[in-house]
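A.B. asks: coords.pdb is the file, holding PDB, N, CA and C atoms:
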ATOM      1  N   MET A 457     -18.271  20.970 -16.189  1.00  0.00           N
ATOM      2  CA  MET A 457     -17.185  20.651 -15.280  1.00  0.00           C
ATOM      3  C   MET A 457     -17.719  20.190 -13.920  1.00  0.00           C
ATOM      4  N   ASP A 458     -18.775  20.850 -13.439  1.00  0.00           N
ATOM      5  CA  ASP A 458     -19.347  20.460 -12.155  1.00  0.00           C
ATOM      6  C   ASP A 458     -19.883  19.033 -12.192  1.00  0.00           C
ATOM      7  N   ASP A 459     -20.427  18.620 -13.339  1.00  0.00           N
ATOM      8  CA  ASP A 459     -20.939  17.255 -13.468  1.00  0.00           C
ATOM      9  C   ASP A 459     -19.824  16.234 -13.300  1.00  0.00           C
ATOM     10  N   VAL A 460     -18.652  16.551 -13.804  1.00  0.00           N
ATOM     11  CA  VAL A 460     -17.501  15.639 -13.682  1.00  0.00           C
ATOM     12  C   VAL A 460     -17.091  15.521 -12.219  1.00  0.00           C
ATOM     13  N   ILE A 461     -17.025  16.635 -11.543  1.00  0.00           N
ATOM     14  CA  ILE A 461     -16.633  16.630 -10.129  1.00  0.00           C
ATOM     15  C   ILE A 461     -17.662  15.878  -9.292  1.00  0.00           C
ATOM     16  N   LEU A 462     -18.946  16.115  -9.556  1.00  0.00           N
ATOM     17  CA  LEU A 462     -19.988  15.401  -8.818  1.00  0.00           C
ATOM     18  C   LEU A 462     -19.944  13.908  -9.102  1.00  0.00           C
ATOM     19  N   GLY A 463     -19.663  13.533 -10.344  1.00  0.00           N
ATOM     20  CA  GLY A 463     -19.542  12.119 -10.697  1.00  0.00           C
ATOM     21  C   GLY A 463     -18.393  11.455  -9.958  1.00  0.00           C
ATOM     22  N   LYS A 464     -17.265  12.163  -9.868  1.00  0.00           N
ATOM     23  CA  LYS A 464     -16.104  11.625  -9.139  1.00  0.00           C
ATOM     24  C   LYS A 464     -16.430  11.477  -7.652  1.00  0.00           C
ATOM     25  N   ALA A 465     -17.116  12.467  -7.089  1.00  0.00           N
ATOM     26  CA  ALA A 465     -17.477  12.406  -5.669  1.00  0.00           C
ATOM     27  C   ALA A 465     -18.410  11.226  -5.408  1.00  0.00           C
ATOM     28  N   GLU A 466     -19.382  11.014  -6.276  1.00  0.00           N
ATOM     29  CA  GLU A 466     -20.297   9.877  -6.110  1.00  0.00           C
ATOM     30  C   GLU A 466     -19.551   8.552  -6.231  1.00  0.00           C
ATOM     31  N   SER A 467     -18.608   8.500  -7.147  1.00  0.00           N
ATOM     32  CA  SER A 467     -17.816   7.285  -7.325  1.00  0.00           C
ATOM     33  C   SER A 467     -16.998   6.993  -6.063  1.00  0.00           C
ATOM     34  N   LEU A 468     -16.375   8.019  -5.509  1.00  0.00           N
ATOM     35  CA  LEU A 468     -15.598   7.834  -4.275  1.00  0.00           C
ATOM     36  C   LEU A 468     -16.485   7.404  -3.117  1.00  0.00           C
ATOM     37  N   GLU A 469     -17.676   7.968  -3.020  1.00  0.00           N
ATOM     38  CA  GLU A 469     -18.604   7.577  -1.955  1.00  0.00           C
ATOM     39  C   GLU A 469     -19.000   6.115  -2.091  1.00  0.00           C
ATOM     40  N   ARG A 470     -19.214   5.644  -3.318  1.00  0.00           N
ATOM     41  CA  ARG A 470     -19.547   4.226  -3.529  1.00  0.00           C
ATOM     42  C   ARG A 470     -18.370   3.339  -3.133  1.00  0.00           C
ATOM     43  N   CYS A 471     -17.159   3.751  -3.466  1.00  0.00           N
ATOM     44  CA  CYS A 471     -15.970   2.972  -3.108  1.00  0.00           C
ATOM     45  C   CYS A 471     -15.812   2.874  -1.591  1.00  0.00           C
ATOM     46  N   ILE A 472     -16.005   3.991  -0.914  1.00  0.00           N
ATOM     47  CA  ILE A 472     -15.877   4.009   0.544  1.00  0.00           C
ATOM     48  C   ILE A 472     -16.939   3.115   1.179  1.00  0.00           C
ATOM     49  N   ALA A 473     -18.160   3.169   0.661  1.00  0.00           N
ATOM     50  CA  ALA A 473     -19.230   2.313   1.185  1.00  0.00           C
ATOM     51  C   ALA A 473     -18.890   0.839   0.973  1.00  0.00           C
ATOM     52  N   GLN A 474     -18.326   0.523  -0.190  1.00  0.00           N
ATOM     53  CA  GLN A 474     -17.946  -0.863  -0.481  1.00  0.00           C
ATOM     54  C   GLN A 474     -16.849  -1.332   0.476  1.00  0.00           C
ATOM     55  N   ILE A 475     -15.890  -0.481   0.745  1.00  0.00           N
ATOM     56  CA  ILE A 475     -14.804  -0.832   1.671  1.00  0.00           C
ATOM     57  C   ILE A 475     -15.364  -1.056   3.075  1.00  0.00           C
ATOM     58  N   ARG A 476     -16.252  -0.175   3.521  1.00  0.00           N
ATOM     59  CA  ARG A 476     -16.847  -0.333   4.861  1.00  0.00           C
ATOM     60  C   ARG A 476     -17.631  -1.634   4.959  1.00  0.00           C
ATOM     61  N   ASN A 477     -18.378  -1.960   3.915  1.00  0.00           N
ATOM     62  CA  ASN A 477     -19.130  -3.220   3.907  1.00  0.00           C
ATOM     63  C   ASN A 477     -18.189  -4.411   3.952  1.00  0.00           C
ATOM     64  N   TYR A 478     -17.121  -4.374   3.174  1.00  0.00           N
ATOM     65  CA  TYR A 478     -16.163  -5.480   3.156  1.00  0.00           C
ATOM     66  C   TYR A 478     -15.525  -5.662   4.537  1.00  0.00           C
ATOM     67  N   ARG A 479     -15.151  -4.552   5.150  1.00  0.00           N
ATOM     68  CA  ARG A 479     -14.478  -4.637   6.448  1.00  0.00           C
ATOM     69  C   ARG A 479     -15.413  -5.097   7.549  1.00  0.00           C
ATOM     70  N   ALA A 480     -16.709  -4.928   7.371  1.00  0.00           N
ATOM     71  CA  ALA A 480     -17.681  -5.333   8.388  1.00  0.00           C
ATOM     72  C   ALA A 480     -17.955  -6.837   8.337  1.00  0.00           C
ATOM     73  N   LEU A 481     -17.692  -7.473   7.209  1.00  0.00           N
ATOM     74  CA  LEU A 481     -17.955  -8.906   7.061  1.00  0.00           C
ATOM     75  C   LEU A 481     -16.812  -9.727   7.635  1.00  0.00           C
ATOM     76  N   PRO A 482     -17.103 -10.915   8.143  1.00  0.00           N
ATOM     77  CA  PRO A 482     -16.023 -11.787   8.618  1.00  0.00           C
ATOM     78  C   PRO A 482     -15.193 -12.277   7.436  1.00  0.00           C
ATOM     79  N   SER A 483     -13.923 -12.462   7.665  1.00  0.00           N
ATOM     80  CA  SER A 483     -13.017 -12.914   6.605  1.00  0.00           C
ATOM     81  C   SER A 483     -12.418 -14.264   6.972  1.00  0.00           C
ATOM     82  N   PRO A 484     -12.299 -15.161   5.994  1.00  0.00           N
ATOM     83  CA  PRO A 484     -11.659 -16.441   6.280  1.00  0.00           C
ATOM     84  C   PRO A 484     -10.138 -16.320   6.376  1.00  0.00           C
ATOM     85  N   LEU A 485      -9.600 -15.176   5.938  1.00  0.00           N
ATOM     86  CA  LEU A 485      -8.144 -14.977   5.953  1.00  0.00           C
ATOM     87  C   LEU A 485      -7.697 -14.370   7.278  1.00  0.00           C
ATOM     88  N   PRO A 486      -6.492 -14.716   7.711  1.00  0.00           N
ATOM     89  CA  PRO A 486      -5.951 -14.020   8.878  1.00  0.00           C
ATOM     90  C   PRO A 486      -5.660 -12.562   8.496  1.00  0.00           C
ATOM     91  N   LEU A 487      -5.680 -11.678   9.464  1.00  0.00           N
ATOM     92  CA  LEU A 487      -5.530 -10.253   9.203  1.00  0.00           C
ATOM     93  C   LEU A 487      -4.266  -9.936   8.406  1.00  0.00           C
ATOM     94  N   GLU A 488      -3.157 -10.587   8.723  1.00  0.00           N
ATOM     95  CA  GLU A 488      -1.896 -10.264   8.046  1.00  0.00           C
ATOM     96  C   GLU A 488      -1.884 -10.672   6.572  1.00  0.00           C
ATOM     97  N   LYS A 489      -2.833 -11.499   6.143  1.00  0.00           N
ATOM     98  CA  LYS A 489      -2.920 -11.897   4.734  1.00  0.00           C
ATOM     99  C   LYS A 489      -4.092 -11.255   4.005  1.00  0.00           C
ATOM    100  N   ASP A 490      -4.942 -10.577   4.742  1.00  0.00           N
ATOM    101  CA  ASP A 490      -6.103  -9.928   4.149  1.00  0.00           C
ATOM    102  C   ASP A 490      -5.754  -8.462   3.883  1.00  0.00           C
ATOM    103  N   PHE A 491      -5.185  -8.204   2.717  1.00  0.00           N
ATOM    104  CA  PHE A 491      -4.641  -6.893   2.407  1.00  0.00           C
ATOM    105  C   PHE A 491      -5.704  -5.798   2.331  1.00  0.00           C
ATOM    106  N   LEU A 492      -6.955  -6.149   2.078  1.00  0.00           N
ATOM    107  CA  LEU A 492      -8.000  -5.140   2.030  1.00  0.00           C
ATOM    108  C   LEU A 492      -8.401  -4.668   3.420  1.00  0.00           C
ATOM    109  N   ARG A 493      -8.096  -5.442   4.455  1.00  0.00           N
ATOM    110  CA  ARG A 493      -8.437  -5.062   5.824  1.00  0.00           C
ATOM    111  C   ARG A 493      -7.297  -4.330   6.530  1.00  0.00           C
ATOM    112  N   LEU A 494      -6.090  -4.458   6.020  1.00  0.00           N
ATOM    113  CA  LEU A 494      -4.948  -3.818   6.658  1.00  0.00           C
ATOM    114  C   LEU A 494      -5.018  -2.313   6.486  1.00  0.00           C
ATOM    115  N   GLU A 495      -4.631  -1.600   7.490  1.00  0.00           N
ATOM    116  CA  GLU A 495      -4.558  -0.134   7.403  1.00  0.00           C
ATOM    117  C   GLU A 495      -3.303   0.224   6.619  1.00  0.00           C
ATOM    118  N   PRO A 496      -3.425   1.233   5.742  1.00  0.00           N
ATOM    119  CA  PRO A 496      -2.226   1.653   4.980  1.00  0.00           C
ATOM    120  C   PRO A 496      -1.230   2.366   5.842  1.00  0.00           C
TER     121      PRO A 496
END
Would you put the structure from the file into structure tokens?

C.D. replies:
Amino acid sequence: MDDVILGKAESLERCIAQIRNYRALPSPLPLEKDFLRLEP
């Protein structure tokens, strides 16, 4: 069971890192059309 939880945590950490990298790059889209950059 602990392996499953650790796997999920690692997966979430990779997703968060990917989002941070995406948000750090310049985007050709205006902010209102770039749904990945908008705050929920």

A.B. asks: Report, as lines of an AutoDock Vina configuration file, the centre and edge lengths in Å (one decimal) of the axis-aligned box enclosing every listed atom of region 462-478 of chain A, padded by 4 Å on each side.

C.D. replies:
center_x = -17.6
center_y = 5.2
center_z = -2.9
size_x = 13.5
size_y = 29.8
size_z = 23.7

A.B. asks: What separation in Å, quoted to one decimal, exists between atom C of Lys489 (chain A) and CA of Gln474 (chain A)?

C.D. replies: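 For atom C of Lys489 (chain A) relative to CA of Gln474 (chain A), the distance reads 17.9 Å.
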
A.B. asks: Using DSSP secondary structure from the backbone, list all helix (DSSP H, G or I) positions within chain A, as a PyMOL selection string.

C.D. replies: chain A and resi 458-480+487-489

A.B. asks: Go ahead and compute the interatomic distance for CA of Ser467 (chain A) and CA of Arg479 (chain A), in Å to one decimal.

C.D. replies: 18.5 Å

A.B. asks: Show me the residues close to (-13.2, -6.5, 7.0) - anything with an atom within 12 Å, counting only C-alpha atoms - and format the list as a PyMOL selection string.

C.D. replies: chain A and resi 474-495

A.B. asks: Can I get the selection written as an mmCIF file, in the coordinates of the input, with N, CA and C atoms?

C.D. replies:
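Saved to result09.cif:
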data_model
loop_
_atom_site.group_PDB
_atom_site.id
_atom_site.type_symbol
_atom_site.label_atom_id
_atom_site.label_comp_id
_atom_site.auth_asym_id
_atom_site.auth_seq_id
_atom_site.Cartn_x
_atom_site.Cartn_y
_atom_site.Cartn_z
ATOM 1 N N GLN A 474 -18.326 0.523 -0.190
ATOM 2 C CA GLN A 474 -17.946 -0.863 -0.481
ATOM 3 C C GLN A 474 -16.849 -1.332 0.476
ATOM 4 N N ILE A 475 -15.890 -0.481 0.745
ATOM 5 C CA ILE A 475 -14.804 -0.832 1.671
ATOM 6 C C ILE A 475 -15.364 -1.056 3.075
ATOM 7 N N ARG A 476 -16.252 -0.175 3.521
ATOM 8 C CA ARG A 476 -16.847 -0.333 4.861
ATOM 9 C C ARG A 476 -17.631 -1.634 4.959
ATOM 10 N N ASN A 477 -18.378 -1.960 3.915
ATOM 11 C CA ASN A 477 -19.130 -3.220 3.907
ATOM 12 C C ASN A 477 -18.189 -4.411 3.952
ATOM 13 N N TYR A 478 -17.121 -4.374 3.174
ATOM 14 C CA TYR A 478 -16.163 -5.480 3.156
ATOM 15 C C TYR A 478 -15.525 -5.662 4.537
ATOM 16 N N ARG A 479 -15.151 -4.552 5.150
ATOM 17 C CA ARG A 479 -14.478 -4.637 6.448
ATOM 18 C C ARG A 479 -15.413 -5.097 7.549
ATOM 19 N N ALA A 480 -16.709 -4.928 7.371
ATOM 20 C CA ALA A 480 -17.681 -5.333 8.388
ATOM 21 C C ALA A 480 -17.955 -6.837 8.337
ATOM 22 N N LEU A 481 -17.692 -7.473 7.209
ATOM 23 C CA LEU A 481 -17.955 -8.906 7.061
ATOM 24 C C LEU A 481 -16.812 -9.727 7.635
ATOM 25 N N PRO A 482 -17.103 -10.915 8.143
ATOM 26 C CA PRO A 482 -16.023 -11.787 8.618
ATOM 27 C C PRO A 482 -15.193 -12.277 7.436
ATOM 28 N N SER A 483 -13.923 -12.462 7.665
ATOM 29 C CA SER A 483 -13.017 -12.914 6.605
ATOM 30 C C SER A 483 -12.418 -14.264 6.972
ATOM 31 N N PRO A 484 -12.299 -15.161 5.994
ATOM 32 C CA PRO A 484 -11.659 -16.441 6.280
ATOM 33 C C PRO A 484 -10.138 -16.320 6.376
ATOM 34 N N LEU A 485 -9.600 -15.176 5.938
ATOM 35 C CA LEU A 485 -8.144 -14.977 5.953
ATOM 36 C C LEU A 485 -7.697 -14.370 7.278
ATOM 37 N N PRO A 486 -6.492 -14.716 7.711
ATOM 38 C CA PRO A 486 -5.951 -14.020 8.878
ATOM 39 C C PRO A 486 -5.660 -12.562 8.496
ATOM 40 N N LEU A 487 -5.680 -11.678 9.464
ATOM 41 C CA LEU A 487 -5.530 -10.253 9.203
ATOM 42 C C LEU A 487 -4.266 -9.936 8.406
ATOM 43 N N GLU A 488 -3.157 -10.587 8.723
ATOM 44 C CA GLU A 488 -1.896 -10.264 8.046
ATOM 45 C C GLU A 488 -1.884 -10.672 6.572
ATOM 46 N N LYS A 489 -2.833 -11.499 6.143
ATOM 47 C CA LYS A 489 -2.920 -11.897 4.734
ATOM 48 C C LYS A 489 -4.092 -11.255 4.005
ATOM 49 N N ASP A 490 -4.942 -10.577 4.742
ATOM 50 C CA ASP A 490 -6.103 -9.928 4.149
ATOM 51 C C ASP A 490 -5.754 -8.462 3.883
ATOM 52 N N PHE A 491 -5.185 -8.204 2.717
ATOM 53 C CA PHE A 491 -4.641 -6.893 2.407
ATOM 54 C C PHE A 491 -5.704 -5.798 2.331
ATOM 55 N N LEU A 492 -6.955 -6.149 2.078
ATOM 56 C CA LEU A 492 -8.000 -5.140 2.030
ATOM 57 C C LEU A 492 -8.401 -4.668 3.420
ATOM 58 N N ARG A 493 -8.096 -5.442 4.455
ATOM 59 C CA ARG A 493 -8.437 -5.062 5.824
ATOM 60 C C ARG A 493 -7.297 -4.330 6.530
ATOM 61 N N LEU A 494 -6.090 -4.458 6.020
ATOM 62 C CA LEU A 494 -4.948 -3.818 6.658
ATOM 63 C C LEU A 494 -5.018 -2.313 6.486
ATOM 64 N N GLU A 495 -4.631 -1.600 7.490
ATOM 65 C CA GLU A 495 -4.558 -0.134 7.403
ATOM 66 C C GLU A 495 -3.303 0.224 6.619
#

A.B. asks: Please compute the CA of Ala473 (chain A)-CA of Met457 (chain A) distance, one decimal, in Å.

C.D. replies: 24.7 Å
